[in-house]
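Asks: Structure in structure tokens, see below.
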Amino acid sequence: MDQIVLIGADLVGIGLLTWTYFRRHRRRDLVVAFLGVNVGVLAVASTLGSASIGAGLGLGLFGVLSIIRLRSTEIDQREVAYYFASLALGILGALPGPVLWHSVAFMALLLVAVLLGDHPGVLRRHQRQELVLDGAVLDRIALVARLEGMLGARVHQVAVQRVDLVNDTTWVDVRFEAVPPARRRGHAQPARETARSSATGAAS
């Protein structure tokens, strides 16, 4: 009976996980992957759990599955989190603990952690982007100023990946915080006033 309850909880959990992922990111191929991995791990782990096989083999199975990489398309770190969550849900649903509610509670905790961490409202102004700039920029201060003016954002970290002096380009990986339009106008107004007063002083 406990096994049926855990399998049902796993199916509900993976259904919620994949539905939320698709609603937020619209990648149908990974929905199929998450469902297939979860149900596959659930079936294999349930078979191993019912046989007289040591727990070490079960942990080895998790280790092998955890290093699988999908070579056909690239997946980012957010999708890796969903991928591991689908694995963990399958294992929790297949291998019951000493108390039934422990496994269900861990499933719920896992879902809350992933879905809350991926919520669009969490750190929504913080972004990462790879850019190719026209011009070989070697001065870091000038590079940050150019990126902030281009992105209209506050740059927190920039990593120069490549400077091509032949083709006059700079490849950067930048982490930045988007500035709301009101604050952006507020920063721009003092700059215009300073420029106007400087021009007045020069004319006099």
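Starting from 1 in every chain, residues are counted up; chains themselves are A, B, ... following the order of the structure tokens, and ligands are numbered from 1 as listed.
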I'd like the neighbourhood of Leu6 of chain A as a compact mmCIF listing (two decimals) with C-alpha atoms, in the first residue's frame, where a residue qualifies if any of its atoms comes within 10 Å (using only C-alpha atoms), though same-chain residues fewer than 3 positions away should be ignored.

Replies:
```txt
# COMPACT_ATOMS: atom_id res chain seq x y z
CA MET A 1 0.00 0.00 0.00
CA ASP A 2 2.81 2.40 0.89
CA GLN A 3 4.46 1.72 -2.47
CA ALA A 9 2.88 11.00 -5.14
CA ASP A 10 5.74 10.73 -7.64
CA LEU A 11 3.40 10.93 -10.63
CA VAL A 12 1.64 13.95 -9.15
CA LEU A 89 11.39 12.20 -7.43
CA GLY A 90 11.62 8.84 -9.21
CA LEU A 92 11.96 8.75 -3.67
CA GLY A 93 8.84 7.21 -5.18
CA ALA A 94 10.49 3.84 -5.73
CA LEU A 95 12.42 3.34 -2.50
CA PRO A 96 10.17 3.88 0.54
CA LEU A 100 5.85 6.93 4.61
CA TRP A 101 5.41 10.63 5.19
CA SER A 103 9.39 10.39 1.44
CA VAL A 104 6.30 12.45 0.64
CA MET A 107 9.14 15.17 -2.55
```

Asks: Work out how far apart atom CA of Ala33 of chain A and atom CA of Asp118 of chain A are and give it in Å to one decimal.

Replies: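 Between these atoms lies a distance of 18.5 Å.
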
Asks: Using only C-alpha atoms, find each residue in segment 97-123 of chain A having at least one atom no more than 10 Å away from segment 77-81 of chain A; report its shortest atom-to-atom pair and that distance in Å (one decimal), rows by chain then rising number, as CSV.

Replies:
```
residue,atom,partner,partner_atom,distance
A:Ala113,CA,A:Ala81,CA,9.9
A:Val114,CA,A:Ala81,CA,7.0
A:Leu115,CA,A:Ala81,CA,9.9
A:Gly117,CA,A:Arg78,CA,9.3
A:Asp118,CA,A:Arg78,CA,7.4
```

Asks: Using only C-alpha atoms, please write the residues we just selected to a file, as a PDB file, in the first residue's frame.

Replies:
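Result file again-v8.pdb:
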```
ATOM      1  CA  ALA A 113      12.794  24.381  -3.802  1.00  0.00           C
ATOM      2  CA  VAL A 114      12.892  24.020  -7.595  1.00  0.00           C
ATOM      3  CA  LEU A 115       9.636  25.760  -8.461  1.00  0.00           C
ATOM      4  CA  GLY A 117      13.807  29.091  -7.080  1.00  0.00           C
ATOM      5  CA  ASP A 118      12.740  29.247 -10.743  1.00  0.00           C
TER       6      ASP A 118
END
```

Asks: What's the 7 Å shell around Ser86 of chain A, counting only C-alpha atoms, without same-chain residues fewer than 4 positions away, as JSON, numbers by chain?

Replies: {"A": [14, 34, 37, 38, 82, 90]}

Asks: From a DSSP calculation on the backbone, collect every residue of segment 3-174 of chain A in alpha helix (DSSP H) and output the set as a ChimeraX atom specification.

Replies: /A:3-25,28-50,55-66,77-94,100-117,140-151

Asks: Going by DSSP on the backbone, which residues of segment 85-158 of chain A come out as strand (DSSP E)? List them as a list in words.

Replies: His126, Gln127, Arg128, Gln129, Glu130, Leu131, Val132, Leu133, Asp134, Ala153, Arg154, Val155, His156, Gln157 and Val158 of chain A

Asks: Can you tell me, as number ranges by chain, what residues are no more than 8 Å from Ile91 of chain A when counting only C-alpha atoms, ignoring any on the same chain fewer than 5 positions away?

Replies: A: 41-42, 45

Asks: Let's have the selection written as a tab-separated table (two decimals), in the first residue's frame, with N, CA and C atoms.

Replies:
```tsv
chain	number	residue	atom	x	y	z
A	41	VAL	N	13.42	5.86	-14.09
A	41	VAL	CA	14.10	5.66	-12.81
A	41	VAL	C	13.15	5.02	-11.80
A	42	LEU	N	11.88	5.43	-11.81
A	42	LEU	CA	10.90	4.84	-10.91
A	42	LEU	C	10.77	3.34	-11.14
A	45	ALA	N	14.31	1.55	-10.25
A	45	ALA	CA	14.58	1.55	-8.81
A	45	ALA	C	13.57	0.69	-8.07
```

Asks: Measure the distance from atom CA of Gly13 of chain A to atom CA of Leu111 of chain A in Å and round it to one decimal.

Replies: 7.2 Å

Asks: Just the number, please: distance in Å from atom CA of His126 of chain A to atom CA of Asp168 of chain A, one decimal.

Replies: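 We find that atom CA of His126 of chain A and atom CA of Asp168 of chain A lie 28.9 Å from each other.
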
Asks: Report as a JSON list (two decimals) with all heavy atoms, in the first residue's frame all protein, DNA and RNA residues lying within 9 Å of Gln157 of chain A, evaluated on only C-alpha atoms, omitting residues in the same chain fewer than 5 positions from it.

Replies:
```
[["chain", "number", "residue", "atom", "x", "y", "z"],
["A", 144, "VAL", "N", 33.26, 48.43, -18.67],
["A", 144, "VAL", "CA", 32.08, 48.40, -17.80],
["A", 144, "VAL", "C", 31.16, 49.58, -18.12],
["A", 144, "VAL", "O", 29.94, 49.43, -18.19],
["A", 144, "VAL", "CB", 32.51, 48.42, -16.32],
["A", 144, "VAL", "CG1", 31.31, 48.62, -15.41],
["A", 144, "VAL", "CG2", 33.23, 47.12, -15.96],
["A", 173, "ASP", "N", 31.37, 38.01, -21.10],
["A", 173, "ASP", "CA", 30.27, 37.37, -20.37],
["A", 173, "ASP", "C", 29.94, 38.32, -19.22],
["A", 173, "ASP", "O", 30.77, 38.53, -18.33],
["A", 173, "ASP", "CB", 30.71, 36.01, -19.86],
["A", 173, "ASP", "CG", 29.60, 35.28, -19.11],
["A", 173, "ASP", "OD1", 28.53, 35.87, -18.91],
["A", 173, "ASP", "OD2", 29.82, 34.12, -18.71],
["A", 174, "VAL", "N", 28.76, 38.91, -19.26],
["A", 174, "VAL", "CA", 28.43, 39.98, -18.31],
["A", 174, "VAL", "C", 27.26, 39.58, -17.43],
["A", 174, "VAL", "O", 26.29, 38.99, -17.89],
["A", 174, "VAL", "CB", 28.14, 41.31, -19.06],
["A", 174, "VAL", "CG1", 27.01, 41.13, -20.06],
["A", 174, "VAL", "CG2", 27.81, 42.43, -18.10],
["A", 175, "ARG", "N", 27.36, 39.86, -16.13],
["A", 175, "ARG", "CA", 26.27, 39.66, -15.17],
["A", 175, "ARG", "C", 25.82, 41.06, -14.75],
["A", 175, "ARG", "O", 26.64, 41.86, -14.28],
["A", 175, "ARG", "CB", 26.74, 38.88, -13.95],
["A", 175, "ARG", "CG", 27.67, 37.70, -14.26],
["A", 175, "ARG", "CD", 26.94, 36.57, -14.92],
["A", 175, "ARG", "NE", 27.86, 35.55, -15.37],
["A", 175, "ARG", "CZ", 28.25, 34.51, -14.64],
["A", 175, "ARG", "NH1", 27.82, 34.39, -13.41],
["A", 175, "ARG", "NH2", 29.07, 33.61, -15.15],
["A", 176, "PHE", "N", 24.53, 41.35, -14.90],
["A", 176, "PHE", "CA", 24.07, 42.71, -14.66],
["A", 176, "PHE", "C", 22.70, 42.70, -14.01],
["A", 176, "PHE", "O", 21.99, 41.69, -14.00],
["A", 176, "PHE", "CB", 24.03, 43.50, -15.97],
["A", 176, "PHE", "CG", 23.11, 42.94, -17.02],
["A", 176, "PHE", "CD1", 21.80, 43.39, -17.14],
["A", 176, "PHE", "CD2", 23.55, 41.95, -17.90],
["A", 176, "PHE", "CE1", 20.95, 42.88, -18.11],
["A", 176, "PHE", "CE2", 22.70, 41.43, -18.87],
["A", 176, "PHE", "CZ", 21.40, 41.89, -18.97]]
```
